[in-house]
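Colleague: File name entry.pdb; file contents PDB, C-alpha atoms; full text below.
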ATOM      1  CA  MET A  16      11.075   2.268  11.747  1.00  0.00           C
ATOM      2  CA  ASP A  17      14.109   4.433  12.223  1.00  0.00           C
ATOM      3  CA  LYS A  18      15.730   6.980   9.941  1.00  0.00           C
ATOM      4  CA  LYS A  19      19.152   5.281  10.204  1.00  0.00           C
ATOM      5  CA  ARG A  20      17.912   2.097   8.509  1.00  0.00           C
ATOM      6  CA  ILE A  21      16.109   4.035   5.801  1.00  0.00           C
ATOM      7  CA  LYS A  22      19.318   5.927   5.006  1.00  0.00           C
ATOM      8  CA  ALA A  23      21.632   2.909   5.427  1.00  0.00           C
ATOM      9  CA  TYR A  24      19.722   0.775   2.932  1.00  0.00           C
ATOM     10  CA  GLY A  25      18.820   3.580   0.537  1.00  0.00           C
ATOM     11  CA  PHE A  26      15.051   3.280   0.839  1.00  0.00           C
ATOM     12  CA  ILE A  27      13.139   5.951  -1.050  1.00  0.00           C
ATOM     13  CA  GLU A  28      10.081   7.745   0.297  1.00  0.00           C
ATOM     14  CA  ASN A  29       6.942   7.232  -1.823  1.00  0.00           C
ATOM     15  CA  LYS A  30       8.585   4.231  -3.493  1.00  0.00           C
ATOM     16  CA  ASP A  31       9.637   1.940  -0.646  1.00  0.00           C
ATOM     17  CA  PHE A  32       7.636   3.589   2.110  1.00  0.00           C
ATOM     18  CA  THR A  33       5.277   6.427   2.866  1.00  0.00           C
ATOM     19  CA  LEU A  34       5.578   8.564   5.960  1.00  0.00           C
ATOM     20  CA  HIS A  35       2.331   9.885   7.382  1.00  0.00           C
ATOM     21  CA  ARG A  36       2.301  12.533  10.073  1.00  0.00           C
ATOM     22  CA  LEU A  37      -0.846  12.420  12.164  1.00  0.00           C
ATOM     23  CA  MET A  38      -1.942  14.636  15.033  1.00  0.00           C
ATOM     24  CA  GLU A  39      -3.152  12.553  17.969  1.00  0.00           C
ATOM     25  CA  ARG A  40      -4.075  14.248  21.212  1.00  0.00           C
ATOM     26  CA  LYS A  41      -1.957  17.320  20.421  1.00  0.00           C
ATOM     27  CA  THR A  42       1.071  15.152  19.615  1.00  0.00           C
ATOM     28  CA  TRP A  43       2.493  14.450  16.174  1.00  0.00           C
ATOM     29  CA  LYS A  44       2.740  10.735  15.402  1.00  0.00           C
ATOM     30  CA  HIS A  45       4.742   9.294  12.518  1.00  0.00           C
ATOM     31  CA  GLU A  46       3.378   6.232  10.751  1.00  0.00           C
ATOM     32  CA  TYR A  47       5.541   4.427   8.203  1.00  0.00           C
ATOM     33  CA  ILE A  48       3.744   2.284   5.652  1.00  0.00           C
ATOM     34  CA  ILE A  49       6.316   0.078   3.944  1.00  0.00           C
ATOM     35  CA  SER A  50       6.166  -1.856   0.687  1.00  0.00           C
ATOM     36  CA  ILE A  51       6.352  -5.633   0.583  1.00  0.00           C
ATOM     37  CA  ASN A  52       9.789  -5.430  -1.056  1.00  0.00           C
ATOM     38  CA  MET A  53      11.075  -3.157   1.703  1.00  0.00           C
ATOM     39  CA  ALA A  54       9.715  -5.576   4.319  1.00  0.00           C
ATOM     40  CA  LYS A  55      11.495  -8.480   2.591  1.00  0.00           C
ATOM     41  CA  GLU A  56      14.769  -6.577   2.428  1.00  0.00           C
ATOM     42  CA  LEU A  57      14.585  -5.540   6.072  1.00  0.00           C
ATOM     43  CA  ALA A  58      13.768  -9.103   7.088  1.00  0.00           C
ATOM     44  CA  MET A  59      16.722 -10.461   5.109  1.00  0.00           C
ATOM     45  CA  VAL A  60      19.270  -8.092   6.691  1.00  0.00           C
ATOM     46  CA  GLU A  61      18.196  -8.779  10.269  1.00  0.00           C
ATOM     47  CA  LYS A  62      21.074 -10.160  12.315  1.00  0.00           C
ATOM     48  CA  THR A  63      18.847 -12.525  14.234  1.00  0.00           C
ATOM     49  CA  GLU A  64      17.828 -16.172  14.018  1.00  0.00           C
ATOM     50  CA  THR A  65      14.588 -15.122  12.318  1.00  0.00           C
ATOM     51  CA  GLY A  66      16.540 -13.096   9.755  1.00  0.00           C
ATOM     52  CA  ARG A  67      18.763 -16.103   9.032  1.00  0.00           C
ATOM     53  CA  ARG A  68      15.713 -18.346   8.549  1.00  0.00           C
ATOM     54  CA  ILE A  69      14.183 -15.792   6.153  1.00  0.00           C
ATOM     55  CA  ARG A  70      17.405 -15.593   4.091  1.00  0.00           C
ATOM     56  CA  ASN A  71      17.614 -19.383   3.901  1.00  0.00           C
ATOM     57  CA  TYR A  72      13.958 -19.585   2.861  1.00  0.00           C
ATOM     58  CA  PHE A  73      14.483 -17.217  -0.080  1.00  0.00           C
ATOM     59  CA  ILE A  74      17.657 -19.046  -1.135  1.00  0.00           C
ATOM     60  CA  GLU A  75      15.848 -22.409  -1.109  1.00  0.00           C
ATOM     61  CA  VAL A  76      12.826 -21.054  -2.999  1.00  0.00           C
ATOM     62  CA  GLU A  77      15.090 -19.633  -5.698  1.00  0.00           C
ATOM     63  CA  LYS A  78      17.041 -22.907  -6.008  1.00  0.00           C
ATOM     64  CA  HIS A  79      13.845 -24.919  -6.273  1.00  0.00           C
ATOM     65  CA  TYR A  80      12.344 -22.512  -8.804  1.00  0.00           C
ATOM     66  CA  GLN A  81      15.439 -22.688 -11.037  1.00  0.00           C
ATOM     67  CA  GLU A  82      15.520 -26.506 -10.862  1.00  0.00           C
ATOM     68  CA  ILE A  83      11.906 -27.106 -11.858  1.00  0.00           C
ATOM     69  CA  ALA A  84      10.993 -24.311 -14.243  1.00  0.00           C
ATOM     70  CA  THR A  85      11.654 -24.228 -17.977  1.00  0.00           C
ATOM     71  CA  PRO A  86      12.189 -20.829 -19.655  1.00  0.00           C
ATOM     72  CA  LYS A  87       8.667 -21.032 -21.101  1.00  0.00           C
ATOM     73  CA  GLN A  88       7.196 -21.759 -17.654  1.00  0.00           C
ATOM     74  CA  ILE A  89       9.178 -18.911 -16.125  1.00  0.00           C
ATOM     75  CA  ALA A  90       7.827 -16.494 -18.755  1.00  0.00           C
ATOM     76  CA  GLU A  91       4.275 -17.741 -18.166  1.00  0.00           C
ATOM     77  CA  LEU A  92       4.626 -17.444 -14.395  1.00  0.00           C
ATOM     78  CA  ASN A  93       6.030 -13.920 -14.750  1.00  0.00           C
ATOM     79  CA  ASN A  94       3.033 -12.927 -16.893  1.00  0.00           C
ATOM     80  CA  ARG A  95       0.624 -14.403 -14.344  1.00  0.00           C
ATOM     81  CA  LEU A  96       2.477 -12.637 -11.545  1.00  0.00           C
ATOM     82  CA  LYS A  97       2.184  -9.285 -13.346  1.00  0.00           C
ATOM     83  CA  SER A  98      -1.552  -9.855 -13.739  1.00  0.00           C
ATOM     84  CA  VAL A  99      -1.945 -10.633 -10.039  1.00  0.00           C
ATOM     85  CA  GLU A 100       0.216  -7.662  -9.007  1.00  0.00           C
ATOM     86  CA  GLU A 101      -1.925  -5.270 -11.057  1.00  0.00           C
ATOM     87  CA  LYS A 102      -4.962  -6.316  -9.019  1.00  0.00           C
ATOM     88  CA  GLN A 103      -3.228  -6.180  -5.651  1.00  0.00           C
ATOM     89  CA  ILE A 104      -3.617  -3.260  -3.347  1.00  0.00           C
ATOM     90  CA  ASN A 105      -0.516  -1.154  -2.870  1.00  0.00           C
ATOM     91  CA  PHE A 106      -0.980   0.146   0.657  1.00  0.00           C
ATOM     92  CA  ILE A 107       1.471   2.964   0.036  1.00  0.00           C
ATOM     93  CA  ASN A 108      -0.327   4.391  -2.986  1.00  0.00           C
ATOM     94  CA  ASP A 109      -3.896   3.046  -2.739  1.00  0.00           C
ATOM     95  CA  TRP A 110      -6.101   4.820  -0.209  1.00  0.00           C
ATOM     96  CA  SER A 111      -9.741   4.447   0.768  1.00  0.00           C
ATOM     97  CA  VAL A 112     -11.767   7.616   1.199  1.00  0.00           C
ATOM     98  CA  ASP A 113     -12.166   6.862   4.925  1.00  0.00           C
ATOM     99  CA  ARG A 114      -8.410   6.361   5.419  1.00  0.00           C
ATOM    100  CA  PHE A 115      -7.686   9.618   3.578  1.00  0.00           C
ATOM    101  CA  LEU A 116     -10.204  11.569   5.674  1.00  0.00           C
ATOM    102  CA  ARG A 117      -8.940  10.102   8.958  1.00  0.00           C
ATOM    103  CA  ALA A 118      -5.285  10.716   8.082  1.00  0.00           C
ATOM    104  CA  ASN A 119      -6.085  14.343   7.307  1.00  0.00           C
ATOM    105  CA  GLY A 120      -8.194  14.825  10.437  1.00  0.00           C
ATOM    106  CA  VAL A 121     -11.423  15.657   8.589  1.00  0.00           C
ATOM    107  CA  PHE A 122     -13.372  12.383   8.864  1.00  0.00           C
ATOM    108  CA  LYS A 123     -15.754  13.655  11.564  1.00  0.00           C
ATOM    109  CA  LYS A 124     -16.285  16.963   9.750  1.00  0.00           C
ATOM    110  CA  LEU A 125     -18.175  15.238   6.911  1.00  0.00           C
ATOM    111  CA  THR A 126     -21.536  13.503   7.114  1.00  0.00           C
ATOM    112  CA  ILE A 127     -22.001   9.933   5.904  1.00  0.00           C
ATOM    113  CA  ILE A 128     -23.709  11.274   2.786  1.00  0.00           C
ATOM    114  CA  GLU A 129     -20.803  13.645   2.059  1.00  0.00           C
ATOM    115  CA  ARG A 130     -18.303  10.778   2.474  1.00  0.00           C
ATOM    116  CA  GLN A 131     -20.378   8.656   0.085  1.00  0.00           C
ATOM    117  CA  GLN A 132     -20.514  11.548  -2.406  1.00  0.00           C
ATOM    118  CA  LEU A 133     -16.742  11.885  -2.228  1.00  0.00           C
ATOM    119  CA  GLY A 134     -16.403   8.147  -2.883  1.00  0.00           C
ATOM    120  CA  LYS A 135     -18.690   8.390  -5.928  1.00  0.00           C
ATOM    121  CA  LEU A 136     -16.720  11.355  -7.271  1.00  0.00           C
ATOM    122  CA  CYS A 137     -13.472   9.434  -6.835  1.00  0.00           C
ATOM    123  CA  THR A 138     -14.913   6.361  -8.590  1.00  0.00           C
ATOM    124  CA  LYS A 139     -16.140   8.456 -11.509  1.00  0.00           C
ATOM    125  CA  GLU A 140     -12.800  10.240 -11.876  1.00  0.00           C
ATOM    126  CA  TYR A 141     -10.827   6.988 -11.518  1.00  0.00           C
ATOM    127  CA  LYS A 142     -12.881   5.330 -14.274  1.00  0.00           C
ATOM    128  CA  LYS A 143     -12.431   8.410 -16.450  1.00  0.00           C
ATOM    129  CA  ILE A 144      -8.647   8.333 -16.030  1.00  0.00           C
ATOM    130  CA  THR A 145      -7.992   4.571 -16.187  1.00  0.00           C
ATOM    131  CA  GLY A 146     -11.013   3.172 -17.988  1.00  0.00           C
ATOM    132  CA  ASN A 147     -11.318   0.569 -15.207  1.00  0.00           C
ATOM    133  CA  PRO A 148     -13.281   0.361 -11.977  1.00  0.00           C
ATOM    134  CA  PRO A 149     -11.229   1.004  -8.821  1.00  0.00           C
ATOM    135  CA  LYS A 150      -9.560  -1.843  -6.939  1.00  0.00           C
ATOM    136  CA  LYS A 151     -11.201  -3.070  -3.764  1.00  0.00           C
ATOM    137  CA  VAL A 152      -9.784  -3.946  -0.382  1.00  0.00           C
ATOM    138  CA  GLN A 153     -11.656  -6.221   2.004  1.00  0.00           C
ATOM    139  CA  HIS A 154     -13.308  -4.365   4.841  1.00  0.00           C
ATOM    140  CA  PRO A 155     -15.652  -5.691   7.550  1.00  0.00           C
ATOM    141  CA  SER A 156     -18.087  -2.780   7.157  1.00  0.00           C
ATOM    142  CA  TYR A 157     -18.397  -3.078   3.386  1.00  0.00           C
ATOM    143  CA  ILE A 158     -19.991  -6.205   1.897  1.00  0.00           C
ATOM    144  CA  ASN A 159     -18.121  -6.104  -1.423  1.00  0.00           C
ATOM    145  CA  GLY A 160     -14.998  -4.437  -0.107  1.00  0.00           C
ATOM    146  CA  GLN A 161     -13.961  -0.806  -0.043  1.00  0.00           C
ATOM    147  CA  ASN A 162     -12.739   1.034  -3.146  1.00  0.00           C
ATOM    148  CA  VAL A 163      -9.210   2.393  -3.107  1.00  0.00           C
ATOM    149  CA  TYR A 164      -7.731   5.213  -5.172  1.00  0.00           C
ATOM    150  CA  PRO A 165      -4.419   7.032  -5.495  1.00  0.00           C
ATOM    151  CA  TYR A 166      -3.976   9.505  -2.637  1.00  0.00           C
ATOM    152  CA  GLU A 167      -3.607  12.399  -5.097  1.00  0.00           C
ATOM    153  CA  LEU A 168      -6.958  11.615  -6.736  1.00  0.00           C
ATOM    154  CA  ILE A 169      -8.845  11.657  -3.428  1.00  0.00           C
ATOM    155  CA  SER A 170      -7.051  14.844  -2.397  1.00  0.00           C
ATOM    156  CA  LYS A 171      -7.997  16.528  -5.681  1.00  0.00           C
ATOM    157  CA  MET A 172     -11.659  15.466  -5.420  1.00  0.00           C
ATOM    158  CA  TYR A 173     -11.830  16.486  -1.739  1.00  0.00           C
ATOM    159  CA  SER A 174     -10.254  19.893  -2.420  1.00  0.00           C
ATOM    160  CA  SER A 175     -12.556  20.606  -5.363  1.00  0.00           C
ATOM    161  CA  LYS A 176     -15.833  19.732  -3.561  1.00  0.00           C
ATOM    162  CA  PHE A 177     -15.394  20.254   0.170  1.00  0.00           C
TER
END
Would you write the structure of this file as structure tokens?
Modeller:
Amino acid sequence: MDKKRIKAYGFIENKDFTLHRLMERKTWKHEYIISINMAKELAMVEKTETGRRIRNYFIEVEKHYQEIATPKQIAELNNRLKSVEEKQINFINDWSVDRFLRANGVFKKLTIIERQQLGKLCTKEYKKITGNPPKKVQHPSYINGQNVYPYELISKMYSSKF
């Protein structure tokens, strides 16, 4: 990712992408995590054969969608899409406790029990705020997936207890 493209296309930090600065072996690394919409837009403006194929794909999908869908079906599909989107993980805003701790360089400073306690605190606070259990992301080390929370919530819980 380069700063020129971000500026040229008007992408907004914390909306279209998140920039994470990580210290690795005494060197600062920059990691951009981009939204799906930003990825689509970047793909569609590429001046390559792949970019052309992506643009044509979206044009054809839209044509087909408009040909086959009635207004009632479109409204129903939009409602179903909203429901699915609410359950999807937003990798810009939704963080696991482990990812938060690693990104902030404190993962190894906490014991397994302390990390689990932090996760329980985050779950409790998330339920208190939203009234719902946290979303889950699939993870090979966790049988039922790993809970994810807003970055700010984990930061608040970490700061208040550790």
Colleague: Which residues, written as a list in words, have at least one atom at most 10 Å from A:Arg68, with all atoms listed in the file counted and residues fewer than 5 positions away on the same chain left out?
Modeller: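 Surrounding residues, per the criterion: Ala58, Met59, Thr63, Phe73 and Ile74 of chain A.
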Colleague: Under the rule that all atoms listed in the file are counted, which of A:Arg67, A:Tyr141, A:Lys22, A:Lys135 is the nearest residue to A:Glu167?
Modeller: A:Tyr141
Colleague: Excluding same-chain residues fewer than 4 positions from A:Leu34, what lies within 7 Å of it counting only C-alpha atoms, as number ranges by chain?
Modeller: A: 45-48
Colleague: Would you translate the PyMOL selection byres ((chain A and resi 49) around 10) into the concrete set of residues it matches in this file, as a ChimeraX atom specification?
Modeller: /A:16,26,28-34,46-48,50-54,105-107
Colleague: Those residues with C-alpha atoms, as a PDB file, in the coordinates of the input please?
Modeller:
ATOM      1  CA  MET A  16      11.075   2.268  11.747  1.00  0.00           C
ATOM      2  CA  PHE A  26      15.051   3.280   0.839  1.00  0.00           C
ATOM      3  CA  GLU A  28      10.081   7.745   0.297  1.00  0.00           C
ATOM      4  CA  ASN A  29       6.942   7.232  -1.823  1.00  0.00           C
ATOM      5  CA  LYS A  30       8.585   4.231  -3.493  1.00  0.00           C
ATOM      6  CA  ASP A  31       9.637   1.940  -0.646  1.00  0.00           C
ATOM      7  CA  PHE A  32       7.636   3.589   2.110  1.00  0.00           C
ATOM      8  CA  THR A  33       5.277   6.427   2.866  1.00  0.00           C
ATOM      9  CA  LEU A  34       5.578   8.564   5.960  1.00  0.00           C
ATOM     10  CA  GLU A  46       3.378   6.232  10.751  1.00  0.00           C
ATOM     11  CA  TYR A  47       5.541   4.427   8.203  1.00  0.00           C
ATOM     12  CA  ILE A  48       3.744   2.284   5.652  1.00  0.00           C
ATOM     13  CA  SER A  50       6.166  -1.856   0.687  1.00  0.00           C
ATOM     14  CA  ILE A  51       6.352  -5.633   0.583  1.00  0.00           C
ATOM     15  CA  ASN A  52       9.789  -5.430  -1.056  1.00  0.00           C
ATOM     16  CA  MET A  53      11.075  -3.157   1.703  1.00  0.00           C
ATOM     17  CA  ALA A  54       9.715  -5.576   4.319  1.00  0.00           C
ATOM     18  CA  ASN A 105      -0.516  -1.154  -2.870  1.00  0.00           C
ATOM     19  CA  PHE A 106      -0.980   0.146   0.657  1.00  0.00           C
ATOM     20  CA  ILE A 107       1.471   2.964   0.036  1.00  0.00           C
TER      21      ILE A 107
END
Colleague: Mind giving me the axis-aligned box for stretch 23-41 of chain A with 4 Å on every side, centre plus edges in Å to one decimal, as AutoDock Vina command-line options?
Modeller:
--center_x 8.8 --center_y 9.0 --center_z 8.9 --size_x 33.7 --size_y 24.5 --size_z 32.7
Colleague: Exactly which residues make up the result of the PyMOL selection byres ((chain A and resi 170) around 10) on this file, given as number ranges by chain?
Modeller: A: 112, 115-116, 119, 137, 165-169, 171-175
Colleague: For atom CA of A:Lys150 and atom CA of A:Leu133, quote the distance in Å rounded to one decimal.
Modeller: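 Answer for the atom CA of A:Lys150 to atom CA of A:Leu133 separation: 16.2 Å.
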Colleague: Which residue, A:Val99, A:Arg36, A:Thr85, A:Ser111, has the smallest gap to A:Gln153 when you use only C-alpha atoms?
Modeller: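 So, comparing all the options, the nearest one is A:Ser111.
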Colleague: How many Å separate atom CA of A:His35 from atom CA of A:Trp110?
Modeller: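 These atoms are spaced 12.4 Å apart.
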